[in-house]
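Coordinates from start06.txt are shown below (compact mmCIF, C-alpha atoms and all ligand atoms).
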# COMPACT_ATOMS: atom_id res chain seq x y z
CA MET E 1 -25.83 4.44 22.22
CA SER E 2 -27.11 4.81 18.69
CA THR E 3 -29.10 1.94 17.20
CA ALA E 4 -27.98 2.76 13.65
CA ARG E 5 -25.72 0.33 11.81
CA PHE E 6 -22.06 0.77 12.81
CA LEU E 7 -19.94 2.27 10.04
CA PRO E 8 -16.32 1.08 10.22
CA TYR E 9 -13.67 3.31 8.61
CA GLY E 10 -13.25 0.72 5.85
CA ARG E 11 -14.51 -2.70 4.83
CA HIS E 12 -14.61 -5.20 2.00
CA SER E 13 -17.53 -5.78 -0.41
CA ILE E 14 -18.11 -9.46 -1.15
CA ASP E 15 -20.93 -10.63 -3.43
CA ASP E 16 -22.29 -14.00 -4.63
CA ALA E 17 -19.88 -14.08 -7.58
CA ASP E 18 -16.94 -13.87 -5.14
CA VAL E 19 -18.40 -16.70 -3.03
CA ALA E 20 -18.96 -18.83 -6.15
CA ALA E 21 -15.39 -18.22 -7.36
CA VAL E 22 -13.94 -19.43 -4.06
CA THR E 23 -16.21 -22.48 -3.72
CA GLU E 24 -15.33 -23.52 -7.27
CA VAL E 25 -11.66 -23.73 -6.21
CA LEU E 26 -12.55 -25.64 -3.03
CA ARG E 27 -14.29 -28.30 -5.16
CA GLY E 28 -11.43 -28.50 -7.67
CA ASP E 29 -7.99 -30.10 -7.88
CA TRP E 30 -5.79 -27.21 -6.79
CA LEU E 31 -5.88 -25.37 -3.51
CA THR E 32 -2.57 -23.60 -4.04
CA THR E 33 -0.21 -22.69 -6.89
CA GLY E 34 -2.69 -23.75 -9.55
CA PRO E 35 -4.33 -21.98 -12.48
CA LYS E 36 -5.94 -19.20 -10.40
CA VAL E 37 -2.58 -17.78 -9.30
CA LYS E 38 -1.42 -17.41 -12.89
CA ALA E 39 -4.79 -16.07 -14.02
CA PHE E 40 -4.79 -13.50 -11.23
CA GLU E 41 -1.25 -12.40 -12.01
CA GLU E 42 -2.05 -11.93 -15.70
CA ALA E 43 -5.25 -10.03 -14.99
CA PHE E 44 -3.59 -7.87 -12.34
CA ALA E 45 -0.63 -6.98 -14.57
CA ALA E 46 -3.09 -6.03 -17.33
CA ALA E 47 -5.24 -3.99 -14.93
CA VAL E 48 -2.32 -1.76 -13.88
CA GLY E 49 -0.49 -1.86 -17.21
CA ALA E 50 2.65 -3.68 -16.04
CA ARG E 51 4.55 -6.44 -17.81
CA TYR E 52 4.78 -8.73 -14.78
CA ALA E 53 2.84 -9.22 -11.56
CA VAL E 54 3.92 -11.57 -8.77
CA ALA E 55 1.10 -12.51 -6.38
CA CYS E 56 2.11 -13.18 -2.78
CA SER E 57 0.73 -13.73 0.69
CA SER E 58 0.45 -10.09 1.86
CA GLY E 59 1.48 -6.53 1.12
CA THR E 60 4.15 -6.96 3.79
CA ALA E 61 5.52 -10.05 2.00
CA ALA E 62 5.48 -8.02 -1.23
CA LEU E 63 7.57 -5.30 0.43
CA HIS E 64 10.03 -7.87 1.79
CA LEU E 65 10.33 -9.42 -1.69
CA THR E 66 11.16 -6.02 -3.23
CA ALA E 67 13.99 -5.47 -0.74
CA LEU E 68 15.35 -8.96 -1.53
CA ALA E 69 14.99 -8.49 -5.30
CA ALA E 70 16.68 -5.08 -5.13
CA ASP E 71 19.54 -6.75 -3.23
CA ILE E 72 19.24 -4.35 -0.30
CA GLY E 73 21.12 -5.73 2.71
CA VAL E 74 23.38 -5.12 5.67
CA GLY E 75 25.30 -1.86 5.26
CA ASP E 76 22.64 -0.42 2.93
CA ALA E 77 19.73 1.92 3.58
CA ALA E 78 16.50 3.06 1.95
CA VAL E 79 14.50 6.29 2.22
CA VAL E 80 10.94 5.80 3.48
CA PRO E 81 8.43 8.59 4.18
CA THR E 82 7.71 8.59 7.91
CA LEU E 83 3.96 8.84 7.35
CA THR E 84 3.09 5.30 6.29
CA PHE E 85 2.20 1.87 7.64
CA LEU E 86 4.87 0.03 9.64
CA ALA E 87 5.68 -2.49 6.91
CA THR E 88 7.09 0.05 4.42
CA ALA E 89 10.00 0.68 6.77
CA ASN E 90 10.18 -2.74 8.42
CA CYS E 91 10.88 -4.56 5.14
CA ASN E 92 14.30 -2.91 5.08
CA ARG E 93 15.03 -4.07 8.62
CA TYR E 94 14.10 -7.65 7.59
CA VAL E 95 17.09 -7.62 5.22
CA GLY E 96 19.38 -5.91 7.74
CA ALA E 97 19.27 -2.49 6.04
CA GLU E 98 18.69 0.83 7.77
CA VAL E 99 15.83 3.25 7.20
CA VAL E 100 16.26 6.97 6.54
CA PHE E 101 12.90 8.62 7.25
CA SER E 102 11.86 11.49 5.02
CA ASP E 103 9.42 14.21 5.96
CA VAL E 104 6.15 14.72 4.06
CA ASP E 105 3.96 17.58 2.92
CA PRO E 106 1.88 18.75 5.93
CA ASP E 107 -1.30 19.08 3.84
CA THR E 108 -1.20 15.88 1.72
CA GLY E 109 1.05 13.63 3.79
CA LEU E 110 3.03 12.78 0.64
CA MET E 111 6.80 12.72 0.28
CA GLU E 112 7.73 15.10 -2.54
CA ALA E 113 11.14 15.40 -4.23
CA GLU E 114 12.22 18.19 -1.84
CA HIS E 115 11.63 15.87 1.14
CA LEU E 116 13.59 13.09 -0.54
CA GLU E 117 16.43 15.52 -1.22
CA ALA E 118 16.51 16.63 2.43
CA ALA E 119 16.52 13.00 3.59
CA LEU E 120 19.45 12.18 1.29
CA ALA E 121 21.34 15.20 2.65
CA ARG E 122 20.72 14.00 6.23
CA ALA E 123 21.76 10.41 5.46
CA GLY E 124 25.47 11.19 5.75
CA ASP E 125 27.62 8.39 4.37
CA ARG E 126 24.95 5.71 4.52
CA ARG E 127 24.77 3.75 1.25
CA ILE E 128 21.22 4.45 0.03
CA LEU E 129 19.97 1.95 -2.55
CA ALA E 130 16.26 2.68 -2.82
CA VAL E 131 13.41 5.04 -2.10
CA TYR E 132 9.87 3.89 -1.26
CA PRO E 133 7.31 6.56 -2.24
CA VAL E 134 3.93 5.89 -0.56
CA HIS E 135 0.71 6.91 -2.30
CA LEU E 136 -0.99 7.89 0.94
CA ASN E 137 -4.81 7.74 0.91
CA GLY E 138 -4.81 6.92 -2.82
CA GLN E 139 -3.10 10.07 -4.10
CA CYS E 140 0.33 10.14 -5.69
CA ALA E 141 3.25 12.48 -5.25
CA GLU E 142 5.24 14.15 -8.03
CA LEU E 143 6.64 10.88 -9.28
CA ASN E 144 8.54 12.35 -12.22
CA ALA E 145 10.54 14.66 -9.92
CA ILE E 146 11.19 11.80 -7.47
CA ARG E 147 12.26 9.54 -10.34
CA GLU E 148 14.65 12.17 -11.67
CA LEU E 149 16.27 12.70 -8.28
CA ALA E 150 16.47 8.94 -7.68
CA GLU E 151 18.24 8.45 -11.01
CA LYS E 152 20.73 11.18 -10.15
CA HIS E 153 21.58 9.34 -6.92
CA GLY E 154 21.40 5.82 -8.40
CA LEU E 155 18.40 4.77 -6.29
CA MET E 156 15.80 2.22 -7.19
CA VAL E 157 12.22 3.54 -6.92
CA ILE E 158 9.82 1.10 -5.24
CA GLU E 159 6.26 2.36 -4.86
CA ASP E 160 4.15 1.34 -1.88
CA ALA E 161 0.88 1.52 -3.79
CA CYS E 162 -1.27 -0.29 -1.18
CA HIS E 163 -3.59 2.74 -1.04
CA ALA E 164 -3.59 3.54 -4.73
CA LEU E 165 -4.85 0.60 -6.78
CA GLY E 166 -6.82 2.24 -9.60
CA ALA E 167 -5.11 5.64 -9.34
CA SER E 168 -3.16 7.23 -12.18
CA TYR E 169 -0.58 9.91 -12.58
CA ARG E 170 -0.38 12.44 -15.39
CA PRO E 171 2.57 14.84 -15.23
CA ASP E 172 2.32 17.90 -17.50
CA ASP E 173 4.90 16.65 -19.94
CA ALA E 174 3.81 13.03 -20.37
CA GLY E 175 0.76 10.87 -20.92
CA GLU E 176 -1.31 9.38 -18.14
CA ALA E 177 0.24 6.34 -16.45
CA LYS E 178 -1.50 3.99 -14.07
CA ILE E 179 0.04 3.48 -10.64
CA GLY E 180 1.82 0.13 -10.82
CA ALA E 181 2.60 0.40 -14.55
CA GLY E 182 6.22 1.15 -13.77
CA ALA E 183 6.39 4.40 -15.73
CA PHE E 184 8.24 6.07 -12.83
CA ALA E 185 9.36 3.13 -10.70
CA ASP E 186 11.22 -0.17 -10.81
CA MET E 187 8.64 -2.03 -8.74
CA ALA E 188 5.29 -1.30 -7.09
CA ILE E 189 3.59 -3.25 -4.33
CA PHE E 190 -0.09 -3.73 -3.46
CA SER E 191 -2.06 -5.25 -0.59
CA PHE E 192 -5.38 -7.10 -0.77
CA HIS E 193 -6.15 -6.94 2.93
CA PRO E 194 -9.97 -6.57 3.31
CA VAL E 195 -9.74 -2.86 4.08
CA LYS E 196 -7.94 -2.16 0.77
CA THR E 197 -9.58 -1.53 -2.61
CA ILE E 198 -9.89 -5.21 -3.53
CA ALA E 199 -9.88 -8.03 -0.98
CA MET E 200 -8.24 -11.47 -0.91
CA GLY E 201 -8.40 -12.03 2.84
CA GLU E 202 -4.64 -11.78 3.03
CA GLY E 203 -2.75 -11.12 -0.18
CA GLY E 204 -0.38 -8.87 -2.04
CA ALA E 205 1.42 -8.37 -5.33
CA VAL E 206 4.54 -6.81 -6.81
CA THR E 207 4.48 -5.39 -10.34
CA THR E 208 7.53 -4.68 -12.49
CA ASN E 209 8.60 -4.39 -16.12
CA ASP E 210 12.10 -5.72 -15.43
CA GLU E 211 12.61 -9.39 -16.26
CA VAL E 212 15.61 -9.81 -13.92
CA LEU E 213 13.68 -8.40 -10.95
CA TYR E 214 10.68 -10.52 -11.92
CA ARG E 215 12.71 -13.75 -11.87
CA ARG E 216 14.24 -12.89 -8.53
CA LEU E 217 10.83 -12.03 -7.02
CA MET E 218 9.40 -15.35 -8.26
CA ARG E 219 12.31 -17.31 -6.83
CA MET E 220 12.34 -15.59 -3.42
CA ARG E 221 8.57 -16.08 -3.09
CA ASN E 222 9.13 -19.85 -3.25
CA HIS E 223 12.07 -20.73 -0.96
CA GLY E 224 14.70 -19.41 -3.40
CA MET E 225 14.27 -22.54 -5.49
CA THR E 226 14.24 -23.04 -9.24
CA ARG E 227 13.22 -25.92 -11.51
CA ASP E 228 14.55 -24.14 -14.60
CA ALA E 229 17.22 -26.49 -16.06
CA GLU E 230 18.98 -23.56 -17.73
CA ALA E 231 19.61 -22.03 -14.32
CA PHE E 232 21.06 -25.20 -12.72
CA THR E 233 24.64 -24.84 -11.52
CA SER E 234 25.41 -28.36 -10.11
CA ALA E 235 25.57 -30.32 -13.36
CA ASP E 236 26.62 -33.58 -11.63
CA LEU E 237 23.45 -33.56 -9.52
CA ALA E 238 21.09 -31.98 -12.01
CA PHE E 239 21.61 -34.06 -15.16
CA ASP E 240 21.89 -37.75 -16.02
CA ALA E 241 24.58 -39.34 -18.21
CA GLU E 242 22.65 -38.38 -21.35
CA GLY E 243 22.48 -34.74 -20.22
CA ALA E 244 18.74 -34.79 -19.42
CA ALA E 245 17.60 -32.93 -16.29
CA ASN E 246 16.68 -35.32 -13.47
CA PRO E 247 12.90 -35.30 -13.01
CA TRP E 248 13.04 -34.78 -9.21
CA TYR E 249 15.62 -32.08 -9.27
CA TYR E 250 15.42 -28.46 -8.12
CA GLU E 251 18.09 -26.08 -6.88
CA MET E 252 18.28 -23.35 -4.28
CA ALA E 253 20.54 -20.44 -5.14
CA GLU E 254 19.77 -18.47 -1.97
CA PRO E 255 17.33 -19.01 0.91
CA GLY E 256 13.90 -17.56 0.13
CA PHE E 257 10.52 -17.73 1.81
CA ASN E 258 7.10 -19.26 1.45
CA TYR E 259 5.27 -16.10 0.43
CA ARG E 260 3.02 -17.84 -2.12
CA ALA E 261 -0.60 -16.84 -2.64
CA SER E 262 -3.03 -19.77 -2.77
CA ASP E 263 -5.53 -20.56 -5.52
CA ILE E 264 -8.29 -19.93 -2.96
CA HIS E 265 -7.05 -16.38 -2.38
CA CYS E 266 -6.35 -15.70 -6.05
CA ALA E 267 -9.82 -16.87 -7.09
CA LEU E 268 -11.25 -14.25 -4.74
CA GLY E 269 -8.77 -11.67 -6.00
CA LEU E 270 -9.67 -12.39 -9.62
CA SER E 271 -13.38 -12.05 -8.91
CA GLN E 272 -12.79 -8.81 -6.99
CA LEU E 273 -10.55 -7.42 -9.72
CA ALA E 274 -13.49 -7.53 -12.13
CA LYS E 275 -15.18 -4.93 -9.90
CA LEU E 276 -12.13 -2.68 -9.43
CA GLU E 277 -13.40 0.15 -11.63
CA ALA E 278 -16.82 0.12 -9.99
CA PHE E 279 -15.26 0.14 -6.51
CA VAL E 280 -12.97 3.06 -7.36
CA ALA E 281 -15.82 5.00 -9.00
CA ARG E 282 -18.08 4.52 -5.97
CA ARG E 283 -15.29 5.64 -3.63
CA ARG E 284 -14.88 8.81 -5.74
CA VAL E 285 -18.61 9.59 -5.59
CA LEU E 286 -18.66 9.16 -1.81
CA ALA E 287 -15.52 11.31 -1.39
CA GLU E 288 -17.09 14.09 -3.47
CA ARG E 289 -20.21 13.93 -1.33
CA TYR E 290 -18.09 14.27 1.82
CA ASP E 291 -16.25 17.22 0.24
CA ARG E 292 -19.56 18.99 -0.47
CA LEU E 293 -21.12 18.38 2.94
CA LEU E 294 -18.02 19.11 4.96
CA ALA E 295 -17.44 22.45 3.23
CA ALA E 296 -19.88 23.87 5.80
CA LEU E 297 -17.55 22.79 8.64
CA ALA E 298 -14.58 24.74 7.25
CA PRO E 299 -12.20 25.92 8.54
CA LEU E 300 -12.53 23.57 11.55
CA VAL E 301 -12.68 20.56 9.25
CA GLN E 302 -10.93 20.38 5.91
CA PRO E 303 -10.55 17.52 3.45
CA ILE E 304 -6.85 16.79 2.92
CA ALA E 305 -5.28 18.81 0.14
CA ARG E 306 -5.39 17.41 -3.40
CA THR E 307 -2.27 16.95 -5.49
CA PRO E 308 -2.05 18.16 -9.07
CA GLY E 309 -1.31 15.61 -11.77
CA CYS E 310 -3.02 12.74 -9.99
CA THR E 311 -6.32 10.99 -10.59
CA PRO E 312 -6.74 9.54 -7.10
CA ALA E 313 -8.32 6.24 -6.13
CA TRP E 314 -9.44 7.03 -2.60
CA HIS E 315 -8.50 4.27 -0.18
CA LEU E 316 -9.16 6.46 2.86
CA TYR E 317 -11.19 9.61 3.34
CA VAL E 318 -9.09 11.80 5.59
CA VAL E 319 -9.92 15.21 7.02
CA HIS E 320 -7.76 17.64 8.92
CA VAL E 321 -9.43 18.92 12.07
CA ASP E 322 -8.34 21.98 14.04
CA PHE E 323 -8.87 20.31 17.41
CA ALA E 324 -7.60 23.30 19.42
CA ALA E 325 -10.06 25.69 17.75
CA ALA E 326 -12.87 23.15 18.09
CA GLY E 327 -12.14 22.82 21.80
CA VAL E 328 -12.20 19.02 21.67
CA SER E 329 -9.39 16.47 21.67
CA ARG E 330 -9.07 13.87 18.93
CA ALA E 331 -9.57 11.04 21.41
CA THR E 332 -12.79 12.60 22.73
CA LEU E 333 -14.11 13.23 19.22
CA MET E 334 -13.33 9.62 18.21
CA ARG E 335 -15.16 8.29 21.27
CA GLN E 336 -18.18 10.53 20.62
CA LEU E 337 -18.34 9.37 17.00
CA ARG E 338 -18.00 5.73 18.10
CA ASP E 339 -20.99 6.23 20.41
CA ALA E 340 -22.87 7.55 17.37
CA GLY E 341 -22.02 4.32 15.50
CA ILE E 342 -19.18 5.81 13.44
CA GLY E 343 -15.71 4.26 13.28
CA THR E 344 -12.71 6.51 12.70
CA GLN E 345 -8.97 5.96 12.75
CA VAL E 346 -5.67 7.85 12.58
CA HIS E 347 -3.39 7.05 9.62
CA TYR E 348 -0.64 7.13 10.85
CA LEU E 349 1.55 7.81 13.85
CA PRO E 350 4.76 8.82 12.01
CA LEU E 351 7.16 5.87 12.05
CA HIS E 352 10.11 7.82 13.44
CA MET E 353 7.99 8.21 16.61
CA GLN E 354 7.48 4.44 17.07
CA PRO E 355 9.48 3.19 20.08
CA TYR E 356 11.57 0.79 18.00
CA TYR E 357 12.69 3.45 15.51
CA ARG E 358 13.11 6.11 18.19
CA ARG E 359 15.44 3.72 20.04
CA ARG E 360 17.32 2.86 16.88
CA TYR E 361 17.76 6.32 15.36
CA GLY E 362 17.13 8.69 18.26
CA PRO E 363 14.61 11.54 18.37
CA GLN E 364 14.02 13.29 15.03
CA GLU E 365 12.08 16.39 14.03
CA LEU E 366 10.00 15.94 10.87
CA PRO E 367 7.65 18.91 11.12
CA GLY E 368 5.54 18.24 8.00
CA ALA E 369 4.62 14.77 9.23
CA GLN E 370 4.00 16.10 12.74
CA THR E 371 1.58 18.75 11.44
CA TYR E 372 -0.25 16.21 9.27
CA TYR E 373 -0.48 13.70 12.13
CA ASP E 374 -1.71 16.25 14.70
CA ARG E 375 -4.76 17.11 12.58
CA CYS E 376 -5.69 13.95 10.67
CA LEU E 377 -8.79 11.82 11.14
CA THR E 378 -9.98 9.03 8.83
CA LEU E 379 -13.76 8.87 8.29
CA PRO E 380 -15.66 5.81 6.98
CA LEU E 381 -15.22 5.12 3.25
CA TYR E 382 -16.06 1.90 1.41
CA PRO E 383 -18.11 1.08 -1.68
CA ALA E 384 -21.10 -0.41 0.16
CA MET E 385 -21.76 2.87 2.01
CA ALA E 386 -25.00 4.58 1.07
CA ASP E 387 -25.10 8.29 0.28
CA SER E 388 -27.14 8.64 3.47
CA ASP E 389 -24.30 7.08 5.47
CA VAL E 390 -22.04 9.94 4.36
CA ASP E 391 -24.75 12.41 5.38
CA ARG E 392 -24.95 10.72 8.77
CA VAL E 393 -21.18 10.99 9.32
CA ALA E 394 -21.12 14.67 8.30
CA GLU E 395 -24.10 15.41 10.56
CA ALA E 396 -22.53 13.62 13.55
CA LEU E 397 -19.20 15.34 13.01
CA GLY E 398 -20.95 18.73 12.88
CA GLN E 399 -22.87 17.94 16.09
CA CYS E 400 -19.73 16.86 17.93
CA LEU E 401 -18.00 20.07 16.83
CA LYS E 402 -21.14 22.11 17.53
CA THR E 403 -21.51 23.41 13.97
CA ARG E 404 -23.95 22.40 11.28
CA PRO E 405 -22.99 20.73 8.00
CA GLY E 406 -24.34 22.21 4.79
CA PRO E 407 -27.22 21.01 2.63
C1 LIG A 501 -1.88 -2.34 4.13
C2 LIG A 501 -0.57 -1.72 3.90
C3 LIG A 501 0.62 -2.46 3.92
C4 LIG A 501 0.69 -3.91 4.34
O1 LIG A 501 -0.14 -4.77 3.64
P1 LIG A 501 -0.60 -6.16 4.30
O2 LIG A 501 -1.28 -6.87 3.17
O3 LIG A 501 -1.53 -5.83 5.43
O4 LIG A 501 0.62 -6.86 4.76
C5 LIG A 501 1.79 -1.81 3.61
N1 LIG A 501 1.82 -0.50 3.31
C6 LIG A 501 0.69 0.25 3.32
C7 LIG A 501 0.79 1.70 2.96
C8 LIG A 501 -0.53 -0.33 3.62
O5 LIG A 501 -1.63 0.43 3.65
Could you spell out this file's structure in structure tokens?
Ligand SMILES: *Cc1c(COP(=O)(O)O)cnc(C)c1O
Amino acid sequence: MSTARFLPYGRHSIDDADVAAVTEVLRGDWLTTGPKVKAFEEAFAAAVGARYAVACSSGTAALHLTALAADIGVGDAAVVPTLTFLATANCNRYVGAEVVFSDVDPDTGLMEAEHLEAALARAGDRRILAVYPVHLNGQCAELNAIRELAEKHGLMVIEDACHALGASYRPDDAGEAKIGAGAFADMAIFSFHPVKTIAMGEGGAVTTNDEVLYRRLMRMRNHGMTRDAEAFTSADLAFDAEGAANPWYYEMAEPGFNYRASDIHCALGLSQLAKLEAFVARRRVLAERYDRLLAALAPLVQPIARTPGCTPAWHLYVVHVDFAAAGVSRATLMRQLRDAGIGTQVHYLPLHMQPYYRRRYGPQELPGAQTYYDRCLTLPLYPAMADSDVDRVAEALGQCLKTRPGP
């Protein structure tokens, strides 16, 4: 066993300012739905360049809210790339809709327009209402081509941007747009789980530029209720004889959820958001260092392919390993690295291979996702890593594969 500090594949960075921000809320008048929620939402919307942000209790809650706001339900379906976290697909099942899995590029893991087109062709007569592009690892796909195809088929575009806070997209023919700004999508969702770019403990957000979607998201986050007198429909219950709204009154138009984010969480989120650019910049520096050092392990080890037109915000540092040529299995390599104090992970087992989805939709062949999955390995990446930590990972990887990393 190594005595060196264990390097997990990802972790949060909390400083004294974050601690002070949270304790200030704990000593104040509001623990939930107070000024910090609103302040976080305004700052977050500004940070990604969107008109509205709705803070909520997790990225998964954010995904569920998008399906509700988009009015996706029983008899409907959405296209989801198979290479993503469970929640991107599951949110459609929560509302009774089906999932059509799309394949992805074998080298980037991203769903491109051609994969979306193939998924739509396979969907038969299912009524597809939305597509959920996923910005895997912090890179984005060709969003303009996906947007164009979605418009042709009348689909809403809902980005799962959990990996890509701080990334931007710049197609040849348009200016640079931040992920979450809604330049190519109707809604985008983010997670503030500690492993993500900024941490809230648990937390999430939806961004949109559409006022109707915004109102629906806000209502469904809070039990489906409204206190807006202009929206009241039961006049006899809502208003007194003089026509004034009763002070106790609220109405529920449809059953929603308690997906609120607390002031405690939003205070942490607000404090973390102030460091977003520094976090993203540090992640880029570390990723470039990995790229340089791991070049010596090519072709056994290769950083995942980069997409044109994207300024990535690396959430994960993923390499593709030729395990057959290296003569070592992924499980063995992961155990050897763990013994050397290095945490790794696999992102992700394609969702169409999960027992639940295999039972529901039968076996499917999605060869791009299969090829990506067979080779991928996530190495440690988080802002508090030292340059020497990256060197240590590259060295250990080289030793396990019996080749030496470069200078
Ligand atoms: C983390 C993540 C989620 C879920 O977010 P939670 O805040 O953990 O609920 C959804 N999609 C992707 C791609 C993620 O990485």
Excluding same-chain residues fewer than 2 positions from segment 129-132 of chain E, what lies within 7 Å of it counting all atoms listed in the file, as an mmCIF file with C-alpha atoms, in the frame of the given file?
data_model
loop_
_atom_site.group_PDB
_atom_site.id
_atom_site.type_symbol
_atom_site.label_atom_id
_atom_site.label_comp_id
_atom_site.auth_asym_id
_atom_site.auth_seq_id
_atom_site.Cartn_x
_atom_site.Cartn_y
_atom_site.Cartn_z
ATOM 1 C CA ILE E 72 19.240 -4.350 -0.300
ATOM 2 C CA ASP E 76 22.640 -0.420 2.930
ATOM 3 C CA ALA E 77 19.730 1.920 3.580
ATOM 4 C CA ALA E 78 16.500 3.060 1.950
ATOM 5 C CA VAL E 79 14.500 6.290 2.220
ATOM 6 C CA VAL E 80 10.940 5.800 3.480
ATOM 7 C CA ARG E 127 24.770 3.750 1.250
ATOM 8 C CA VAL E 134 3.930 5.890 -0.560
ATOM 9 C CA LEU E 155 18.400 4.770 -6.290
ATOM 10 C CA MET E 156 15.800 2.220 -7.190
ATOM 11 C CA VAL E 157 12.220 3.540 -6.920
ATOM 12 C CA ILE E 158 9.820 1.100 -5.240
ATOM 13 C CA GLU E 159 6.260 2.360 -4.860
ATOM 14 C CA ASP E 160 4.150 1.340 -1.880
#
message: Can you measure atom CA of Ser388 of chain E to atom CA of Val319 of chain E for me? One decimal in Å is fine.
response: 18.8 Å
field: All residues 12 Å or closer to Ala67 of chain E, only C-alpha atoms, same chain fewer than 6 positions away omitted, as a PyMOL selection string
entry: chain E and resi 60-61+73-74+76-78+87-99+129-132+156-159+186-189+206+213+216-217+220
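For the residues E:Ala141, E:Leu86, E:Val19, E:Ala69, ranking by smallest atom-to-atom distance to ligand LIG 501 (chain A) using all atoms listed in the file places E:Leu86 first.
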Return as an mmCIF file with C-alpha atoms, in the frame of the given file every polymer residue, whether protein, DNA or RNA, with at least one atom no more than 6 Å from an atom of ligand LIG 501 (chain A); count all atoms listed in the file.
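selection.cif written:
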data_model
loop_
_atom_site.group_PDB
_atom_site.id
_atom_site.type_symbol
_atom_site.label_atom_id
_atom_site.label_comp_id
_atom_site.auth_asym_id
_atom_site.auth_seq_id
_atom_site.Cartn_x
_atom_site.Cartn_y
_atom_site.Cartn_z
ATOM 1 C CA SER E 58 0.450 -10.090 1.860
ATOM 2 C CA GLY E 59 1.480 -6.530 1.120
ATOM 3 C CA THR E 60 4.150 -6.960 3.790
ATOM 4 C CA THR E 84 3.090 5.300 6.290
ATOM 5 C CA PHE E 85 2.200 1.870 7.640
ATOM 6 C CA ALA E 87 5.680 -2.490 6.910
ATOM 7 C CA THR E 88 7.090 0.050 4.420
ATOM 8 C CA ASP E 160 4.150 1.340 -1.880
ATOM 9 C CA CYS E 162 -1.270 -0.290 -1.180
ATOM 10 C CA HIS E 163 -3.590 2.740 -1.040
ATOM 11 C CA SER E 191 -2.060 -5.250 -0.590
ATOM 12 C CA PHE E 192 -5.380 -7.100 -0.770
ATOM 13 C CA HIS E 193 -6.150 -6.940 2.930
ATOM 14 C CA GLU E 202 -4.640 -11.780 3.030
ATOM 15 C CA GLY E 203 -2.750 -11.120 -0.180
ATOM 16 C CA GLY E 204 -0.380 -8.870 -2.040
#
